[in-house]
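> Provided herewith: query38.cif, mmCIF, C-alpha atoms.
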data_model
#
loop_
_atom_site.label_atom_id
_atom_site.label_comp_id
_atom_site.auth_asym_id
_atom_site.auth_seq_id
_atom_site.Cartn_x
_atom_site.Cartn_y
_atom_site.Cartn_z
CA MET A 19 -22.74 -20.69 -5.77
CA LYS A 20 -21.04 -17.48 -4.73
CA GLU A 21 -17.29 -17.88 -4.27
CA LYS A 22 -16.23 -17.73 -0.65
CA ALA A 23 -13.78 -15.17 0.69
CA GLY A 24 -10.21 -16.13 1.60
CA THR A 25 -8.63 -17.32 4.84
CA ALA A 26 -9.67 -15.80 8.17
CA LEU A 27 -7.65 -16.10 11.38
CA ILE A 28 -9.59 -15.70 14.64
CA VAL A 29 -7.66 -14.78 17.79
CA ASP A 30 -9.34 -14.94 21.20
CA ASP A 31 -8.13 -16.29 24.53
CA GLU A 32 -11.64 -17.61 25.23
CA ARG A 33 -11.55 -20.85 23.25
CA ASP A 34 -15.29 -21.30 22.94
CA HIS A 35 -15.66 -17.75 21.68
CA ALA A 36 -12.85 -18.17 19.12
CA ASP A 37 -14.21 -21.50 17.90
CA GLY A 38 -17.73 -20.08 17.69
CA ILE A 39 -16.62 -17.17 15.52
CA ALA A 40 -14.62 -19.51 13.31
CA GLU A 41 -17.67 -21.72 12.83
CA ALA A 42 -19.86 -18.71 12.01
CA LEU A 43 -17.36 -17.48 9.41
CA ASP A 44 -17.18 -20.89 7.73
CA LYS A 45 -20.24 -19.86 5.73
CA VAL A 46 -18.43 -16.99 4.01
CA CYS A 47 -14.74 -17.93 4.21
CA ALA A 48 -12.90 -20.61 2.27
CA ARG A 49 -10.93 -21.40 5.41
CA THR A 50 -11.01 -20.34 9.07
CA ILE A 51 -8.36 -20.89 11.73
CA ALA A 52 -8.80 -20.25 15.46
CA VAL A 53 -5.88 -19.63 17.82
CA TYR A 54 -5.94 -18.60 21.46
CA THR A 55 -2.82 -16.47 22.00
CA GLY A 56 -1.24 -13.51 20.25
CA LYS A 57 2.03 -15.41 19.99
CA ASP A 58 0.40 -18.28 18.10
CA ALA A 59 -1.30 -15.77 15.81
CA LEU A 60 1.94 -14.07 14.78
CA GLU A 61 3.70 -17.38 14.24
CA LEU A 62 0.83 -18.55 12.03
CA VAL A 63 0.87 -15.37 9.95
CA ASP A 64 4.55 -16.04 9.23
CA ARG A 65 3.71 -19.50 7.89
CA GLU A 66 0.33 -19.11 6.23
CA ASP A 67 -1.27 -16.79 3.69
CA ILE A 68 -3.92 -15.05 5.80
CA ASP A 69 -6.39 -12.56 4.31
CA VAL A 70 -8.22 -11.34 7.43
CA ILE A 71 -7.40 -11.41 11.13
CA VAL A 72 -10.28 -11.08 13.60
CA THR A 73 -8.79 -10.50 17.03
CA ASP A 74 -10.02 -9.52 20.45
CA LEU A 75 -8.44 -6.27 21.58
CA LYS A 76 -7.64 -7.69 25.03
CA LEU A 77 -5.74 -10.96 25.13
CA ASN A 78 -4.05 -12.78 27.98
CA GLY A 79 -0.28 -12.81 27.70
CA ASP A 80 2.29 -10.32 26.48
CA ILE A 81 0.73 -9.81 23.02
CA ASP A 82 -2.69 -8.16 22.64
CA GLY A 83 -4.76 -7.14 19.63
CA LEU A 84 -2.91 -3.89 19.06
CA ASP A 85 0.43 -5.72 19.15
CA ILE A 86 -0.88 -8.07 16.47
CA LEU A 87 -2.04 -5.09 14.39
CA ASP A 88 1.33 -3.34 14.65
CA ALA A 89 3.29 -6.50 13.83
CA VAL A 90 1.09 -7.38 10.86
CA THR A 91 1.11 -3.91 9.32
CA ALA A 92 4.89 -3.73 9.72
CA ARG A 93 5.75 -7.10 8.22
CA HIS A 94 2.70 -8.47 6.42
CA PRO A 95 0.73 -5.73 4.64
CA ARG A 96 -1.73 -8.11 3.02
CA PRO A 97 -3.86 -9.32 6.00
CA GLU A 98 -6.58 -6.89 7.10
CA VAL A 99 -7.20 -6.69 10.85
CA ILE A 100 -10.65 -6.42 12.45
CA LEU A 101 -10.72 -5.75 16.20
CA ILE A 102 -13.37 -6.94 18.63
CA THR A 103 -13.75 -4.91 21.79
CA ALA A 104 -15.86 -4.12 24.82
CA HIS A 105 -17.69 -0.78 24.71
CA GLY A 106 -15.18 0.93 26.98
CA SER A 107 -12.34 0.44 24.48
CA ILE A 108 -14.06 1.78 21.36
CA ASP A 109 -11.98 4.97 21.39
CA THR A 110 -8.85 2.81 21.36
CA CYS A 111 -10.17 0.95 18.31
CA LYS A 112 -10.89 4.19 16.51
CA GLN A 113 -7.27 5.15 17.03
CA ALA A 114 -6.27 1.69 15.80
CA ILE A 115 -7.97 2.36 12.47
CA LYS A 116 -5.56 5.24 11.97
CA ARG A 117 -2.75 2.74 12.61
CA GLY A 118 -3.97 0.44 9.86
CA ALA A 119 -6.88 -1.62 11.27
CA TYR A 120 -9.64 -2.34 8.76
CA ASP A 121 -12.49 -1.85 11.26
CA TYR A 122 -13.78 -2.86 14.69
CA LEU A 123 -16.90 -4.39 16.22
CA PRO A 124 -18.19 -3.89 19.77
CA LYS A 125 -19.35 -6.77 21.93
CA PRO A 126 -21.79 -8.50 21.78
CA ILE A 127 -20.91 -9.29 18.17
CA ASP A 128 -23.48 -9.04 15.40
CA ILE A 129 -22.52 -12.14 13.37
CA GLY A 130 -24.14 -10.81 10.20
CA GLN A 131 -22.18 -7.59 10.44
CA LEU A 132 -18.97 -9.51 11.16
CA ARG A 133 -19.48 -11.71 8.10
CA THR A 134 -19.99 -8.64 5.92
CA LEU A 135 -16.87 -6.96 7.28
CA VAL A 136 -14.76 -10.09 6.84
CA VAL A 137 -15.85 -10.55 3.22
CA GLN A 138 -15.12 -6.90 2.41
CA ALA A 139 -11.74 -7.05 4.14
CA ALA A 140 -10.80 -10.30 2.38
CA HIS A 141 -11.63 -8.80 -1.01
CA LYS A 142 -9.50 -5.76 -0.20
CA ALA A 143 -6.60 -7.97 0.89
CA ALA A 144 -6.84 -9.99 -2.32
CA SER A 145 -6.97 -6.87 -4.50
CA GLN A 146 -3.68 -5.63 -3.05
CA TRP A 147 -1.76 -8.11 -5.15
CA ARG A 148 -4.21 -9.35 -7.77
CA LEU A 149 -3.79 -8.29 -11.39
CA ALA A 150 -6.79 -8.00 -13.67
CA THR A 151 -7.09 -10.56 -16.43
CA PRO A 152 -6.44 -9.46 -20.01
CA ALA A 153 -10.17 -9.68 -20.68
CA GLU A 154 -10.83 -7.30 -17.78
CA GLN A 155 -8.24 -4.71 -18.67
CA GLU A 156 -7.46 -5.32 -22.33
CA GLY A 157 -4.10 -6.80 -21.56
CA ASP A 158 -2.83 -4.04 -19.25
CA PHE A 159 -1.24 -4.83 -15.92
CA VAL A 160 -3.50 -3.35 -13.24
CA PHE A 161 -3.00 -3.58 -9.51
CA GLU A 162 -4.28 -1.57 -6.60
CA GLY A 163 -3.05 2.02 -6.58
CA ILE A 164 -1.06 1.87 -9.83
CA ARG A 165 -2.89 2.53 -13.06
CA GLY A 166 -2.35 4.61 -16.11
CA HIS A 167 -1.44 4.91 -19.73
CA ALA A 168 1.38 7.41 -19.47
CA PRO A 169 4.32 6.31 -21.66
CA ALA A 170 6.52 5.64 -18.63
CA MET A 171 3.91 3.33 -17.09
CA THR A 172 3.20 1.56 -20.39
CA SER A 173 6.90 0.82 -20.68
CA ILE A 174 6.98 -0.58 -17.13
CA PHE A 175 3.97 -2.83 -17.81
CA ASP A 176 5.68 -4.18 -20.94
CA ILE A 177 8.79 -4.98 -18.91
CA LEU A 178 6.73 -6.75 -16.23
CA LYS A 179 5.05 -9.01 -18.75
CA ARG A 180 8.46 -10.30 -19.80
CA VAL A 181 10.08 -10.37 -16.36
CA ALA A 182 7.31 -11.74 -14.15
CA PRO A 183 7.39 -15.39 -15.33
CA THR A 184 11.17 -15.64 -14.83
CA ASN A 185 13.27 -15.95 -11.67
CA ILE A 186 15.45 -12.93 -12.41
CA SER A 187 15.99 -10.47 -9.55
CA VAL A 188 14.34 -7.06 -9.87
CA LEU A 189 15.34 -3.69 -8.45
CA ILE A 190 12.52 -1.13 -8.20
CA GLU A 191 13.49 2.50 -7.72
CA GLY A 192 11.24 5.48 -7.11
CA GLU A 193 10.11 8.05 -4.60
CA SER A 194 8.17 7.06 -1.49
CA GLY A 195 4.52 6.43 -2.22
CA THR A 196 4.89 5.55 -5.90
CA GLY A 197 3.80 1.93 -5.33
CA LYS A 198 7.03 -0.05 -5.26
CA GLU A 199 5.62 -2.82 -3.06
CA LEU A 200 2.49 -3.06 -5.20
CA LEU A 201 4.72 -3.49 -8.22
CA ALA A 202 6.62 -6.27 -6.42
CA ARG A 203 3.34 -8.00 -5.54
CA ALA A 204 2.27 -7.79 -9.17
CA ILE A 205 5.49 -9.44 -10.30
CA HIS A 206 4.98 -12.24 -7.75
CA ALA A 207 1.31 -12.70 -8.63
CA ASN A 208 2.21 -13.21 -12.29
CA SER A 209 5.18 -15.47 -11.66
CA ARG A 210 5.36 -19.24 -11.43
CA ARG A 211 5.67 -18.69 -7.67
CA TRP A 212 2.22 -17.06 -7.39
CA ASN A 213 0.86 -19.77 -5.07
CA LYS A 214 3.88 -19.61 -2.74
CA PRO A 215 4.59 -17.02 -0.01
CA PHE A 216 5.26 -13.36 -0.76
CA LYS A 217 7.06 -11.89 2.24
CA PRO A 218 7.99 -8.20 2.54
CA ILE A 219 10.47 -6.61 4.92
CA ASN A 220 11.44 -2.98 5.36
CA CYS A 221 15.20 -2.74 5.90
CA ALA A 222 15.07 0.85 7.15
CA GLY A 223 15.33 1.43 10.87
CA LEU A 224 16.38 -2.12 11.78
CA THR A 225 19.66 -2.78 13.54
CA GLU A 226 22.06 -5.24 11.95
CA THR A 227 21.29 -7.88 14.61
CA LEU A 228 17.54 -7.54 14.26
CA LEU A 229 17.67 -7.51 10.46
CA GLU A 230 19.86 -10.62 10.43
CA SER A 231 17.41 -12.39 12.72
CA GLU A 232 14.42 -11.31 10.62
CA LEU A 233 16.00 -12.55 7.40
CA PHE A 234 17.87 -15.65 8.50
CA GLY A 235 16.14 -16.63 11.75
CA HIS A 236 17.72 -17.55 15.05
CA VAL A 237 17.93 -20.38 17.54
CA LYS A 238 16.96 -20.28 21.19
CA GLY A 239 19.52 -18.40 23.28
CA ALA A 240 21.26 -16.79 20.28
CA PHE A 241 20.85 -13.38 21.91
CA THR A 242 18.97 -11.75 24.76
CA GLY A 243 15.25 -12.26 24.22
CA ALA A 244 15.62 -15.23 21.86
CA MET A 245 13.34 -17.52 23.89
CA THR A 246 12.59 -19.99 21.10
CA ASP A 247 13.87 -21.03 17.69
CA ARG A 248 12.47 -18.86 14.93
CA LYS A 249 12.59 -19.19 11.17
CA GLY A 250 13.73 -16.22 9.13
CA LEU A 251 11.94 -14.76 6.12
CA PHE A 252 14.23 -16.58 3.68
CA GLU A 253 13.02 -19.93 5.02
CA ILE A 254 9.42 -18.78 5.33
CA ALA A 255 9.46 -17.52 1.73
CA ASP A 256 11.08 -20.70 0.36
CA LYS A 257 9.88 -21.32 -3.24
CA GLY A 258 8.26 -17.86 -3.10
CA THR A 259 9.32 -14.22 -3.22
CA LEU A 260 11.08 -11.99 -0.69
CA PHE A 261 10.54 -8.25 -1.11
CA MET A 262 13.30 -6.16 0.49
CA ASP A 263 12.11 -2.57 0.73
CA GLU A 264 14.51 0.31 1.38
CA ILE A 265 17.49 -1.94 0.74
CA GLY A 266 19.70 1.14 0.45
CA ASP A 267 19.45 1.55 4.24
CA MET A 268 20.94 -1.88 4.96
CA PRO A 269 24.15 -1.79 7.05
CA LEU A 270 27.32 -2.67 5.12
CA ASN A 271 28.13 -5.74 7.24
CA MET A 272 24.63 -7.05 6.61
CA GLN A 273 25.04 -6.45 2.89
CA ALA A 274 27.96 -8.89 2.85
CA LYS A 275 25.90 -11.56 4.63
CA LEU A 276 22.99 -11.03 2.25
CA LEU A 277 25.27 -11.34 -0.78
CA ARG A 278 26.49 -14.74 0.39
CA VAL A 279 22.94 -16.01 0.74
CA LEU A 280 21.96 -14.71 -2.69
CA GLU A 281 24.98 -16.35 -4.30
CA ASP A 282 24.83 -19.70 -2.47
CA GLY A 283 21.14 -20.07 -1.65
CA VAL A 284 22.07 -21.14 1.88
CA VAL A 285 21.02 -19.51 5.15
CA VAL A 286 22.38 -20.15 8.63
CA PRO A 287 20.21 -18.94 11.53
CA VAL A 288 21.82 -16.66 14.10
CA GLY A 289 23.48 -18.79 16.78
CA SER A 290 23.38 -21.94 14.66
CA THR A 291 25.81 -23.85 12.46
CA ARG A 292 23.06 -25.69 10.58
CA PRO A 293 22.84 -24.54 6.94
CA THR A 294 19.47 -24.57 5.17
CA LEU A 295 19.07 -24.53 1.41
CA VAL A 296 16.43 -22.04 0.17
CA ASP A 297 14.95 -21.12 -3.20
CA VAL A 298 13.77 -17.51 -3.01
CA ARG A 299 13.28 -14.86 -5.65
CA VAL A 300 14.41 -11.48 -4.33
CA ILE A 301 12.80 -8.21 -5.39
CA SER A 302 14.42 -5.09 -3.93
CA ALA A 303 13.28 -1.49 -3.73
CA THR A 304 14.71 1.85 -2.71
CA ASN A 305 13.90 5.55 -2.82
CA GLN A 306 17.61 6.33 -2.92
CA ASN A 307 20.10 6.47 -5.78
CA LEU A 308 21.92 3.16 -5.30
CA ALA A 309 24.47 3.89 -8.01
CA ARG A 310 25.51 7.01 -6.12
CA LEU A 311 25.63 5.08 -2.85
CA VAL A 312 27.99 2.63 -4.56
CA GLU A 313 30.23 5.51 -5.64
CA ASP A 314 30.20 6.84 -2.07
CA LYS A 315 31.18 3.39 -0.72
CA LYS A 316 27.89 3.16 1.22
CA PHE A 317 26.54 0.23 -0.78
CA ARG A 318 28.47 -2.79 -2.02
CA GLN A 319 28.99 -2.81 -5.76
CA ASP A 320 28.83 -6.63 -5.98
CA LEU A 321 25.49 -6.68 -4.15
CA TYR A 322 24.19 -3.87 -6.35
CA PHE A 323 24.88 -5.87 -9.52
CA ARG A 324 23.44 -9.01 -7.88
CA ILE A 325 20.05 -7.46 -7.08
CA LYS A 326 19.88 -5.40 -10.27
CA GLY A 327 18.92 -8.16 -12.67
CA VAL A 328 16.24 -5.90 -14.15
CA ASN A 329 15.91 -2.29 -13.05
CA VAL A 330 12.53 -0.50 -13.06
CA THR A 331 12.02 3.12 -12.04
CA LEU A 332 8.53 4.18 -11.06
CA PRO A 333 7.82 7.79 -12.06
CA ALA A 334 6.51 10.28 -9.53
CA LEU A 335 2.83 11.10 -9.88
CA ARG A 336 3.60 14.69 -10.90
CA GLN A 337 5.48 13.26 -13.90
CA ARG A 338 2.35 11.55 -15.24
CA PRO A 339 -0.58 13.91 -14.59
CA GLN A 340 -2.56 12.30 -17.42
CA ASP A 341 -3.08 9.28 -15.14
CA ILE A 342 -4.48 11.22 -12.18
CA SER A 343 -8.06 11.30 -13.49
CA ASP A 344 -8.23 7.48 -13.74
CA LEU A 345 -6.63 7.09 -10.32
CA VAL A 346 -9.03 9.57 -8.71
CA ASN A 347 -12.10 7.80 -10.07
CA TYR A 348 -10.70 4.40 -9.06
CA PHE A 349 -9.99 5.59 -5.52
CA ILE A 350 -13.47 7.16 -5.24
CA GLN A 351 -15.07 3.82 -6.08
CA GLU A 352 -12.74 2.02 -3.71
CA ALA A 353 -13.37 4.41 -0.80
CA ALA A 354 -17.13 4.52 -1.39
CA SER A 355 -17.29 0.72 -1.39
CA GLU A 356 -15.22 0.38 1.78
CA THR A 357 -16.97 3.12 3.77
CA GLY A 358 -20.51 2.77 2.44
CA VAL A 359 -20.64 6.48 1.55
CA ALA A 360 -22.80 7.28 -1.49
CA VAL A 361 -20.23 9.26 -3.47
CA SER A 362 -20.15 8.37 -7.16
CA GLY A 363 -17.94 10.96 -8.83
CA ILE A 364 -16.16 14.30 -8.79
CA THR A 365 -16.79 17.67 -10.41
CA ASP A 366 -14.55 18.83 -13.25
CA ALA A 367 -13.45 21.81 -11.16
CA ALA A 368 -12.27 19.62 -8.28
CA LEU A 369 -10.62 17.13 -10.62
CA ASN A 370 -8.79 19.96 -12.33
CA VAL A 371 -7.37 21.09 -8.99
CA LEU A 372 -6.23 17.56 -8.15
CA VAL A 373 -4.63 17.07 -11.57
CA ASN A 374 -2.58 20.22 -11.03
CA CYS A 375 -1.28 19.36 -7.56
CA ASP A 376 2.35 18.35 -7.04
CA TRP A 377 1.55 15.26 -4.89
CA PRO A 378 4.88 14.99 -3.03
CA GLY A 379 3.52 11.82 -1.37
CA ASN A 380 2.61 10.40 -4.78
CA ILE A 381 -0.08 7.72 -5.16
CA ARG A 382 -0.23 7.00 -1.43
CA GLN A 383 -1.03 10.65 -0.71
CA LEU A 384 -3.62 10.82 -3.50
CA ARG A 385 -5.36 7.68 -2.26
CA ASN A 386 -5.49 8.91 1.34
CA THR A 387 -6.73 12.32 0.19
CA ILE A 388 -9.57 10.82 -1.84
CA ARG A 389 -10.55 8.55 1.03
CA THR A 390 -10.73 11.54 3.39
CA MET A 391 -12.76 13.54 0.86
CA VAL A 392 -15.23 10.69 0.37
CA VAL A 393 -15.73 10.18 4.11
CA MET A 394 -16.32 13.89 4.74
CA CYS A 395 -18.50 14.55 1.68
CA ASP A 396 -22.26 14.96 2.20
CA ARG A 397 -23.14 15.00 -1.51
CA ASP A 398 -23.00 12.47 -4.34
CA ARG A 399 -20.02 14.16 -6.02
CA LEU A 400 -16.77 15.49 -4.62
CA ASP A 401 -16.20 19.21 -5.15
CA VAL A 402 -13.45 21.79 -4.62
CA ARG A 403 -14.74 22.49 -1.12
CA ASP A 404 -13.96 18.88 -0.16
CA ILE A 405 -10.25 19.15 -1.01
CA PRO A 406 -8.09 19.36 2.15
CA ALA A 407 -6.28 22.67 2.41
CA GLU A 408 -2.86 21.08 2.94
CA ILE A 409 -2.73 19.58 -0.55
CA HIS A 410 -3.49 22.78 -2.45
CA ARG A 411 -0.13 22.95 -4.18
CA PRO A 412 -0.91 23.25 -7.90
CA ARG A 413 1.85 23.11 -10.45
CA GLN A 414 2.45 26.31 -12.36
CA LEU A 415 1.27 25.72 -15.92
CA THR A 416 1.71 29.39 -16.82
CA GLY A 417 4.00 32.19 -15.72
CA ALA A 418 1.29 33.66 -13.46
CA ALA A 419 2.09 33.26 -9.77
CA PRO A 420 -0.60 32.97 -7.07
CA ALA A 421 -1.15 36.02 -4.92
CA ALA A 422 -0.14 34.10 -1.83
CA GLY A 423 3.52 33.21 -1.65
CA ASP A 424 2.85 29.93 0.15
CA LEU A 425 0.43 27.74 -1.76
CA GLY A 426 -0.02 25.57 1.33
CA GLY A 427 -1.88 28.47 2.94
CA MET A 428 -3.83 29.36 -0.19
CA LEU A 429 -7.18 31.10 0.28
CA LEU A 430 -10.23 29.77 -1.54
CA THR A 431 -10.34 32.80 -3.87
CA GLU A 432 -6.69 32.27 -4.75
CA LEU A 433 -7.31 28.58 -5.42
CA GLU A 434 -10.26 29.49 -7.63
CA ARG A 435 -8.13 31.96 -9.59
CA GLN A 436 -5.37 29.40 -10.08
CA ALA A 437 -7.88 26.76 -11.25
CA ILE A 438 -9.14 29.18 -13.90
CA VAL A 439 -5.61 30.07 -14.99
CA ASP A 440 -4.63 26.41 -15.32
CA THR A 441 -7.82 25.41 -17.14
CA LEU A 442 -7.49 28.26 -19.65
CA ALA A 443 -3.92 27.13 -20.26
CA GLN A 444 -5.05 23.54 -20.85
CA THR A 445 -7.78 24.64 -23.30
CA GLU A 446 -5.44 27.11 -25.00
CA GLY A 447 -7.73 29.98 -24.06
CA ASN A 448 -10.98 28.34 -25.21
CA ARG A 449 -13.39 29.77 -22.67
CA GLU A 450 -16.29 27.53 -23.64
CA LYS A 451 -14.25 24.39 -23.01
CA ALA A 452 -12.75 25.89 -19.86
CA ALA A 453 -16.20 26.65 -18.43
CA LYS A 454 -17.30 23.06 -19.05
CA MET A 455 -14.17 21.68 -17.39
CA LEU A 456 -14.67 23.93 -14.40
CA GLY A 457 -18.35 23.00 -14.11
CA ILE A 458 -19.57 26.62 -14.34
CA GLY A 459 -21.46 28.68 -16.88
CA GLU A 460 -19.70 30.76 -19.50
CA ARG A 461 -21.11 33.97 -18.05
CA THR A 462 -19.74 33.04 -14.64
CA LEU A 463 -16.35 32.33 -16.17
CA TYR A 464 -16.31 35.68 -17.98
CA ARG A 465 -17.18 37.42 -14.73
CA LYS A 466 -14.45 35.57 -12.86
CA ILE A 467 -11.88 36.38 -15.56
CA LYS A 468 -12.72 40.04 -15.24
CA GLU A 469 -12.80 39.87 -11.44
CA PHE A 470 -9.34 38.30 -11.29
CA GLY A 471 -7.92 40.49 -14.04
CA LEU A 472 -7.09 37.57 -16.30
CA GLY A 473 -8.32 38.90 -19.62
#
Kindly transcribe the structure held in the file into structure tokens.

Amino acid sequence: MKEKAGTALIVDDERDHADGIAEALDKVCARTIAVYTGKDALELVDREDIDVIVTDLKLNGDIDGLDILDAVTARHPRPEVILITAHGSIDTCKQAIKRGAYDYLPKPIDIGQLRTLVVQAAHKAASQWRLATPAEQEGDFVFEGIRGHAPAMTSIFDILKRVAPTNISVLIEGESGTGKELLARAIHANSRRWNKPFKPINCAGLTETLLESELFGHVKGAFTGAMTDRKGLFEIADKGTLFMDEIGDMPLNMQAKLLRVLEDGVVVPVGSTRPTLVDVRVISATNQNLARLVEDKKFRQDLYFRIKGVNVTLPALRQRPQDISDLVNYFIQEAASETGVAVSGITDAALNVLVNCDWPGNIRQLRNTIRTMVVMCDRDRLDVRDIPAEIHRPRQLTGAAPAAGDLGGMLLTELERQAIVDTLAQTEGNREKAAKMLGIGERTLYRKIKEFGLG
């Protein structure tokens, strides 16, 4: 019997409709839950491990489908959100996809199509934290968006194998887009806490009051807008893992409060005097230099040493170009599966261009670029013409400079010239190998070399 997908949460203010969808999804989901307000949905997501949320766009009350989407993508990256809408709101749903929604379905709902979408979304949600078994990947740690055999990554995987089963705190450093949260999820998934909650929070942009409430909870009346008691993420993640992203942006006063909780294991909700004992493993991440922030008195030294049990630094993608080929092919398969587009590969010429890009947005930028290329491609293989103009920023492998000063505005002929220059450098001038890598004939390559004055 085929294994069922994960847990689906159905949100609709029409009870019969919500219950009917839940019943229909019982055939493909291991568990379905129906709720009838946006408020109940968000409270449930805080308590339960949800893989897919199917919500009506329009809901009675102060919280609608878009509010649920925004809240989930901000605090709970794992659940995928599928919107259900009347025909007149389809444009809104298309915009919602850009904000992180998995997909949408117009009314009346095609149950078969909904089941297919839910299964696909559940598998994607599961893959965001799941590591392959040793039999699947020959012992390597593999998780969505982070792959490779570059020495820096191999070293990180070795560290994870030793650290994951313990309760030691971990500090992950690296540029934005390098996959710090994915690394944290991998640690959790391979820990003894794997079947307990993993709760992420981004510390950047939150005021001290809001951050304190998010982490420690609050009681009714603790501040304006606190209409009910609410548990904080430390309580919600009890026996599990709390991932604190961008911890370097945490206000100093809040750092002192966090340190006390980490040392004592006790939280007190805002406005309360009732202490609660919690057992939470904390994994922190930052794109800043915390050691320098400590020197500048912008980050507490005692907190720094408390969260830095083991320190891992994820390299930027430009520092491990040998991994780009594997990542590109992985993302092609992923995007083709999700979108249903029949793209199965990429030409050597296009891959060569991608390998030689700087990728300032790192893996996140590469993944989004490949997804866009796959969606827009009308052939079975991606080619140079499919590469968005804004990412044409190849690294200089030789002393030759492109004719255009700004690579972001590179013309196609200039891009072609640079691809030839880089490929010849990689093959140490072997024109036969270069032609094969570029996907062109040797005669064409000779003509291009002469045309561009390269030989």
> With all atoms listed in the file as the counted atoms, please give the residues lying no more than 12 Å from Ala23 in chain A, apart from itself and same-chain residues fewer than 2 positions off, as a list in words.
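Surrounding residues, per the criterion: Lys20, Glu21, Thr25, Ala26, Leu43, Asp44, Lys45, Val46, Cys47, Ala48, Arg49, Thr50, Ile68, Asp69, Val70, Arg133, Thr134, Leu135, Val136, Val137, Gln138, Ala139, Ala140, His141, Lys142, Ala143, Ala144 and Ser145 of chain A.
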> Identify, on the basis of only C-alpha atoms, every residue whose closest approach to Ala360 in chain A does not exceed 10 Å; exclude the query and any residue fewer than 5 positions from it along the same chain; express the result as a list in words.
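After dropping sequence-adjacent residues, the list is Gln351, Ala353, Ala354, Ser355, Val392, Val393, Cys395, Asp396, Arg397, Asp398 and Arg399 of chain A.
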> What is the distance between CA of Gly24 in chain A and CA of Ala42 in chain A, in Å to one decimal?
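Separating CA of Gly24 in chain A from CA of Ala42 in chain A is a distance of 14.4 Å.
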> Give me the residues near Lys466 in chain A as a list of chain:residue names, where near means some atom within 12 Å (using only C-alpha atoms) and where sequence neighbours in that chain fewer than 5 positions away do not count.
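Within the cut-off, the hits are A:Thr431, A:Glu432, A:Glu434, A:Arg435, A:Gln436, A:Ala437, A:Ile438, A:Val439, A:Arg449, A:Ala453, A:Leu456, A:Ile458, A:Gly459, A:Glu460, A:Arg461, A:Gly471, A:Leu472, A:Gly473.
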> Identify all residues satisfying the PyMOL selection byres ((chain A and resi 90) around 12) in the given file; provide them as a PyMOL selection string.
chain A and resi 56+59-64+68-71+83-89+91-100+117-119+217-219
> What residues come out when you apply the PyMOL selection byres ((chain A and resi 319-324) around 9) to this file, written as a PDB file with C-alpha atoms, keeping the file's coordinate frame?

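Done, and the output landed in expr22.pdb:
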ATOM      1  CA  SER A 187      15.990 -10.470  -9.550  1.00  0.00           C
ATOM      2  CA  GLN A 273      25.040  -6.450   2.890  1.00  0.00           C
ATOM      3  CA  ALA A 274      27.960  -8.890   2.850  1.00  0.00           C
ATOM      4  CA  LEU A 276      22.990 -11.030   2.250  1.00  0.00           C
ATOM      5  CA  LEU A 277      25.270 -11.340  -0.780  1.00  0.00           C
ATOM      6  CA  LEU A 280      21.960 -14.710  -2.690  1.00  0.00           C
ATOM      7  CA  GLU A 281      24.980 -16.350  -4.300  1.00  0.00           C
ATOM      8  CA  LEU A 308      21.920   3.160  -5.300  1.00  0.00           C
ATOM      9  CA  ALA A 309      24.470   3.890  -8.010  1.00  0.00           C
ATOM     10  CA  VAL A 312      27.990   2.630  -4.560  1.00  0.00           C
ATOM     11  CA  GLU A 313      30.230   5.510  -5.640  1.00  0.00           C
ATOM     12  CA  LYS A 315      31.180   3.390  -0.720  1.00  0.00           C
ATOM     13  CA  PHE A 317      26.540   0.230  -0.780  1.00  0.00           C
ATOM     14  CA  ARG A 318      28.470  -2.790  -2.020  1.00  0.00           C
ATOM     15  CA  ILE A 325      20.050  -7.460  -7.080  1.00  0.00           C
ATOM     16  CA  LYS A 326      19.880  -5.400 -10.270  1.00  0.00           C
ATOM     17  CA  GLY A 327      18.920  -8.160 -12.670  1.00  0.00           C
TER      18      GLY A 327
END
> What does the distance from CA of Thr227 in chain A to CA of Ala240 in chain A come to in Å, to one decimal?
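Spanning CA of Thr227 in chain A to CA of Ala240 in chain A is a straight-line distance of 10.6 Å.
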> Give me the residues within 9 Å of Pro169 in chain A as a ChimeraX atom specification, counting all atoms listed in the file and dropping any in the same chain fewer than 4 places off.
/A:173-174,338
> Export C-alpha atoms of the chosen residues as a PDB file, keeping the file's coordinate frame?

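Dumped everything to result-v6.pdb:
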ATOM      1  CA  SER A 173       6.900   0.820 -20.680  1.00  0.00           C
ATOM      2  CA  ILE A 174       6.980  -0.580 -17.130  1.00  0.00           C
ATOM      3  CA  ARG A 338       2.350  11.550 -15.240  1.00  0.00           C
TER       4      ARG A 338
END
> Residues at most 10 Å from Asn78 in chain A, counting all atoms listed in the file, excluding those fewer than 5 positions away in the same chain, as a list in words?
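Within the cut-off, the hits are Asp30, Asp31, Glu32, Tyr54, Thr55 and Gly56 of chain A.
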> Nearest to Ala443 in chain A among A:Arg403, A:Val29, A:Asn374, A:Ala255, with distances taken over only C-alpha atoms: which residue is it?
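Residue with the minimum atom-to-atom distance to Ala443 in chain A: A:Asn374.
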> Please indicate the distance in Å from CA of Glu230 in chain A to CA of Asp314 in chain A, rounded to one decimal place.
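These atoms are spaced 23.8 Å apart.
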> Evaluate the PyMOL selection byres ((chain A and resi 288) around 8) against this structure - the residues, as a PyMOL selection string, please.
chain A and resi 230-231+234-237+240+286-287+289-290
> Using all atoms listed in the file, pick whichever of A:Asn307, A:Thr441, A:Asn347, A:Asn213 has the shortest atom-to-atom distance to Asp256 in chain A.
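Of A:Asn307, A:Thr441, A:Asn347, A:Asn213, the one nearest Asp256 in chain A is A:Asn213, counting all atoms listed in the file.
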